[in-house]
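What follows is a single structure, written as structure tokens, with notes after it.
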Number of protein chains: 2
Amino acid sequence: MPKIAMLSTGEEVLYGDIVDTNAAWLSRVFYEHGFSMYKRSTVGDQRASLLQELVMLSLNLDVVIVNGGLGPTSDDLSAEVAAEAADEPLVLNQGWLDNLKSFYVKRGKLMPESNIKQAMLPANASVVDNPIGTACGFKMMINDCLFYFTPGVPSEFKKMAIEQIIPDLKTQFPNQQGRVCRRIYTFGLSESGIADTLSHLQLPADYELGYRSYLPFIEVKLFGPSDDLETGARVLAMIEKLLHSNVVSVDEPMLDRIGQLVELHKPIIAISEHSTKGCLASWLQDSEKVSQCCGATWILGSKTASPLDRDSEQLGATLALAGATKGNCSADIAISTGKLENEQFSVAISTPKGEWGQTLKLQRSYNQKSVKTVISTVAGDMLRRYLDNQPMFPDYGFLTRTQDIFLPLDKLS
Amino acid sequence: MPKIAMLSTGEEVLYGDIVDTNAAWLSRVFYEHGFSMYKRSTVGDQRASLLQELVMLSLNLDVVIVNGGLGPTSDDLSAEVAAEAADEPLVLNQGWLDNLKSFYVKRGKLMPESNIKQAMLPANASVVDNPIGTACGFKMMINDCLFYFTPGVPSEFKKMAIEQIIPDLKTQFPNQQGRVCRRIYTFGLSESGIADTLSHLQLPADYELGYRSYLPFIEVKLFGPSDDLETGARVLAMIEKLLHSNVVSVDEPMLDRIGQLVELHKPIIAISEHSTKGCLASWLQDSEKVSQCCGATWILGSKTASPLDRDSEQLGATLALAGATKGNCSADIAISTGKLENEQFSVAISTPKGEWGQTLKLQRSYNQKSVKTVISTVAGDMLRRYLDNQPMFPDYGFLTRTQDIFLPLDKLS
């Protein structure tokens with residue numbers, strides 16, 4: 001098993017101005033391919049610290065992925081310092097310079113002088129292609145350690161890692177036991193709550209659980225060998241059963257699941273939002289599939305006179321709003337979010353089968369943005385449950401349901 | 001200036017399951033006190049990698065802050081491995097053991113045996129008090145490098161750093177110059193473009209520039225001494241002048257700036273969105289100040305029949321939509337985003353002073369979400385520019401303006 005490290009560069013990472021999502025992502029993906037990360041380090045843009053770190057890593061590890069510092073600006077030093085560490089000159093890579101020039105030509109522009117720097121590579125380095133950016137990746141040996149230099153831009157970095165670095169590593173270090181990570185996306189549970197629920201689960205040898213929490217979801221991750229998917233699927237099913245009513249999707253984000261269901265049923269969806277202020281429509285339409293089925297959305301601003309203001313009974317008013325929206329937009333399904341008052345909010349959905357509405361209370365206070373996210377997720381979950389024929393009112397651990405109602409079709413005047 | 005590093009420990013940090021907020025926080029706070037971080041590294045819970053890292057750091061740095069691994073469980077190895085690295089025995093610290101016992105007594109509990117481990121320190125280490133937890137911090141020398149070992153729990157870690165470690169460092173390294181960071185938020189420039197523009201700028205000694213890019217903004221950061229704010233302000237003004245038409249805010253995010261302007265003028269704002277699909281309304285209303293001034297928002301979904309479909313001339317249609325929205329919602333200002341067609345989109349704003357509209361072309365292709373972000377930012381920038389009496393049509397480096405129009409009040413029928 002090779003000793004692998006990742007070196008992230010840049011003041012903004014060192015000083016925590018940006019979270020090093022590339023490092024977290026790479027650790028996960030490498031792990032899944034059987035290459036586990038031995039250490040990570042971060043240095044700023046100072047030549048001395050970068051040089052020292054490259055040398056130190058080259059003497060103690062087998063493989064190092066260096067991220068960042070390939071840009072055109074003067075504080076991008078990776079290529080230059082790599083050459084120094086390997087005691088090689090920097091030479092112009094004509095091939096990449098041509099790439100750069102055509103990159104700019106395509107955009108009807110002249111290449112800024114400063115970009116020439118991005119085609120200067122250590123003499124013995126070989127190019128690792130970056131089909132979507134101007135920063136040229138490259139690989140080279142420094143003191144018998146294999147270095148891959150990669151751009152900081154996440155999309156470029158990830159494409160390079162998946163399409164080139166991992167395959168390359170697999171040829172150099174064959175028969176690494178691959179690991180797979182299956183993910184169960186849950187909404188409405190706490191991490192400790194999930195841990196308690198799963199504490200009695202007997203995992204087969206070589207399987208482990210991990211958690212990743214971020215508003216509004218908690219992912220339960222099941223790690224296991226990639227050569228026994230059957231056992232993995234069985235364990236996954238057990239976990240899913242235990243967490244059942246809070247599982248919103250498996251191995252794909254909830255929104256992708258909603259997208260599939262919408263693509264399957266192709267309803268015309270209309271939305272009216274109050275407390276979510278556009279967050280719901282914007283989130284749902286991040287999915288191309290949902291986007292293609294969306295009709296009009298009406299967002300009630302604080303300066304908009306609306307039925308919700310006149311009616312003190314928010315659940316009824318939110319239901320009525322959904323019904324009206326469905327009618328006015330001649331949609332198949334309408335979703336509405338009511339006002340947020342003393343941590344309480346109502347959400348309703350009007351469908352060909354009837355109308356469902358519920359009022360929930362936040363158990364802790366969130367900032368403006370997080371509140372919109374939580375309420376939008378509840379609304380999205382109602383859409384998912386309706387399209388998937390699931391119970392409409394599950395227990396949400398961190399939300400207290402104070403009211404709910406179902407009006408079947410025949411009860412609707 | 002001492003060479004300072006932070007070493008974070010723990011699989012969950014190494015694998016990015018949790019974000020290392022302690023490291024980001026410490027880098028910033030140290031920087032403000034004149035101690036800039038030279039490097040950061042992260043290892044898991046394996047004895048070998050921790051030991052190797054401690055030794056490597058001890059040989060190359062002056063001060064190292066180690067975070068995590070002081071707990072009672074078997075995978076908490078910091079004290080043990082520190083003793084090994086310094087070739088010292090672990091000895092029971094009676095003082096801390098008494099602390100531990102009274103800590104549990106206060107909570108009416110017996111101390112679990114496993115906690116005794118937390119009172120075992122390297123022989124020559126001295127305690128760094130942790131008044132709010134059971135994990136004992138300590139400091140010691142390893143190969144002439146000063147190590148501080150700290151608990152992973154953020155509240156305990158931060159209290160220890162502020163109340164004990166920083167004061168202690170200041171006595172050992174007096175007259176360190178404090179630093180401040182000023183930020184200029186830009187929209188519409190590339191990092192290389194900014195670098196070219198600022199390349200001729202003569203910075204006073206002890207000042208440096210940094211960049212932080214993330215869609216849709218690029219922050220230009222000016223680092224300088226905290227005891228000469230005047231010079232800092234002068235340099236900042238120079239930079240602002242050079243980037244002028246693309247500077248959207250200084251020392252605060254663009255949205256906060258918009259919030260201030262909206263609070264000042266208190267216009268009722270209505271929005272109609274096509275290409276932005278709710279992203280604009282949702283983003284603007286992340287600001288409480290803007291939120292309080294928002295009237296209705298109308299979002300045209302792909303299934304909504306709209307004037308934009310009938311009219312092939314998108315700029316005119318988008319202008320008309322803004323005008324109509326302003327009227328229908330009896331708002332003071334209406335913003336509208338038109339359709340996105342072959343990378344082109346129109347944005348318009350209707351105001352008491354007249355109507356402005358522009359059509360722009362994306363110079364590269366983004367994913368669905370990023371496109372909404374970019375277009376929303378252009379629309380938000382028009383609102384900001386109108387409220388701030390600035391030119392409405394700046395050059396956006398990564399957007400090509402193909403059309404623009406201004407209809408002053410008197411030209412509006």
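Every chain in the structure tokens takes a letter, A first, then B, and so on in the order presented; its residues are numbered from 1, and the ligands are numbered from 1 following the presented order.
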
Would you give me, as CSV, each residue of chain B having an atom within 7 Å of an atom of chain A, along with its shortest atom pair and that distance in Å to one decimal, using only C-alpha atoms and sorting by chain and residue number?
```
residue,atom,partner,partner_atom,distance
B:Leu14,CA,A:Arg40,CA,6.9
B:Tyr15,CA,A:Ser27,CA,5.2
B:Gly16,CA,A:Ala24,CA,4.0
B:Asp17,CA,A:Arg212,CA,5.7
B:Ala24,CA,A:Gly16,CA,3.9
B:Ser27,CA,A:Tyr15,CA,5.0
B:Arg28,CA,A:Tyr15,CA,5.9
B:Tyr38,CA,A:Val43,CA,6.6
B:Lys39,CA,A:Val43,CA,4.6
B:Arg40,CA,A:Thr42,CA,4.9
B:Ser41,CA,A:Ser41,CA,3.9
B:Thr42,CA,A:Arg40,CA,5.0
B:Val43,CA,A:Lys39,CA,4.7
B:Ser192,CA,A:Pro72,CA,6.0
B:Ala195,CA,A:Thr73,CA,6.1
B:Arg212,CA,A:Glu12,CA,6.5
B:Lys277,CA,A:Ser282,CA,5.5
B:Gly278,CA,A:Ser282,CA,4.5
B:Cys279,CA,A:Ser282,CA,5.0
B:Ala281,CA,A:Gly278,CA,5.6
B:Ser282,CA,A:Gly278,CA,4.6
B:Gln285,CA,A:Lys277,CA,6.9
B:Asp286,CA,A:Lys369,CA,5.7
B:Ser291,CA,A:Ser302,CA,6.8
B:Gln292,CA,A:Ser302,CA,5.7
B:Cys293,CA,A:Lys303,CA,6.3
B:Cys294,CA,A:Gly301,CA,4.8
B:Gly295,CA,A:Gly301,CA,4.3
B:Ala296,CA,A:Leu300,CA,4.9
B:Thr297,CA,A:Ile299,CA,4.8
B:Trp298,CA,A:Trp298,CA,5.0
B:Ile299,CA,A:Thr297,CA,4.8
B:Leu300,CA,A:Ala296,CA,4.9
B:Gly301,CA,A:Gly295,CA,4.3
B:Ser302,CA,A:Gln292,CA,5.6
B:Lys303,CA,A:Gly295,CA,4.4
B:Thr304,CA,A:Gly295,CA,4.8
B:Gln363,CA,A:Arg107,CA,6.3
B:Gln368,CA,A:Asp286,CA,6.3
B:Lys369,CA,A:Asp286,CA,5.7
```

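When every C-alpha of chain B is superposed on its counterpart in chain A by least squares, the root-mean-square deviation equals 4.9 Å.
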
Q. Counting only C-alpha atoms, which of A:Gly133, A:Gly259, A:Pro174, A:Gly188 gets nearest to Gly152 in chain A?
A. A:Gly133

Q: Check the DSSP output for the backbone and give back, as number ranges by chain, the residues of range 124-318 of chain A in alpha helix (DSSP H).
A: A: 154-160, 166-172, 191-198, 229-242, 254-265, 279-284, 288-291, 307-310, 314-318

Q.
Just want the 6 Å neighbourhood of range 340-355 of chain B, counted on only C-alpha atoms, with same-chain residues fewer than 6 positions away dropped. Output as JSON, numbers by chain.
A. {"B": [275, 315, 319, 322, 323, 333, 334, 361, 362, 406, 407, 408, 409]}

Q) What separation in Å, quoted to one decimal, exists between CA of Val64 in chain B and CA of Phe147 in chain B? A)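 CA of Phe147 in chain B lies at a distance of 4.8 Å from CA of Val64 in chain B.
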
Q: Go through B:Tyr386, B:Phe223, B:Phe149, B:Phe157 and flag the residue nearest Gly178 in chain B, using only C-alpha atoms for the distances.
A: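 Going through B:Tyr386, B:Phe223, B:Phe149, B:Phe157 one by one, the smallest distance to Gly178 in chain B is for B:Phe223.
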
Q. Per DSSP on the backbone, what are the strand (DSSP E) residues of range 121-240 of chain A, as a VMD selection string?
A. chain A and resid 121 to 122 126 to 128 137 to 142 145 to 150 179 to 187 208 to 214 217 to 225

Surrounding residues of range 88-92 of chain A excluding itself and chain neighbours under 4 positions, 8 Å, only C-alpha atoms, as a short mmCIF file (atom, residue, chain, number, x, y, z; two decimals) with C-alpha atoms, in the first residue's frame:
```cif
data_model
loop_
_atom_site.label_atom_id
_atom_site.label_comp_id
_atom_site.auth_asym_id
_atom_site.auth_seq_id
_atom_site.Cartn_x
_atom_site.Cartn_y
_atom_site.Cartn_z
CA ALA A 79 5.68 24.58 -11.15
CA GLU A 80 8.62 26.84 -10.40
CA ALA A 83 11.45 22.37 -10.69
CA GLU A 84 13.68 23.72 -7.95
CA LEU A 97 1.03 27.18 -24.95
CA ALA A 119 2.96 26.65 -20.02
CA MET A 120 6.29 26.61 -18.19
CA LEU A 121 6.85 23.13 -16.74
CA PRO A 122 9.76 21.33 -15.02
CA ALA A 123 11.96 19.77 -17.72
CA ASN A 124 11.14 16.13 -16.91
#
```

Q: Choose the residue, out of A:Asn175, A:Leu255, A:Arg310, A:Thr359, that has the smallest atom-to-atom separation from Gly380 in chain A; count only C-alpha atoms.
A: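 Nearest to Gly380 in chain A: A:Leu255.
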
Q | Close residues, Leu201 in chain B itself excluded, 9 Å, only C-alpha atoms, min 4 positions apart in chain, as a list in words | A | Thr197, Met238 and Ile239 of chain B

Q. If you measure from CA of Ser155 in chain B to CA of Ala135 in chain B, what distance in Å do you get, rounded to one decimal?
A.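 CA of Ala135 in chain B lies at a distance of 12.1 Å from CA of Ser155 in chain B.
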
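Residues in contact with Lys170 in chain B at up to 10 Å, not including ones fewer than 4 positions away on its chain and judged by only C-alpha atoms, are His33, Gly34, Phe35, Ile165, Ile166, Pro174, Asn175 and Gln176 of chain B.
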
Would you mind exporting the chosen residues as a PDB file, in the first residue's frame, restricted to C-alpha atoms?
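As written to disk, again.pdb reads:
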```pdb
ATOM      1  CA  HIS B  33      -1.818  38.713  16.655  1.00  0.00           C
ATOM      2  CA  GLY B  34       1.179  38.790  14.369  1.00  0.00           C
ATOM      3  CA  PHE B  35       1.881  35.079  14.333  1.00  0.00           C
ATOM      4  CA  ILE B 165      -1.328  29.999  24.205  1.00  0.00           C
ATOM      5  CA  ILE B 166      -1.345  33.413  22.516  1.00  0.00           C
ATOM      6  CA  PRO B 174       7.650  39.833  21.871  1.00  0.00           C
ATOM      7  CA  ASN B 175       7.071  42.653  19.361  1.00  0.00           C
ATOM      8  CA  GLN B 176       5.322  40.612  16.692  1.00  0.00           C
TER       9      GLN B 176
END
```
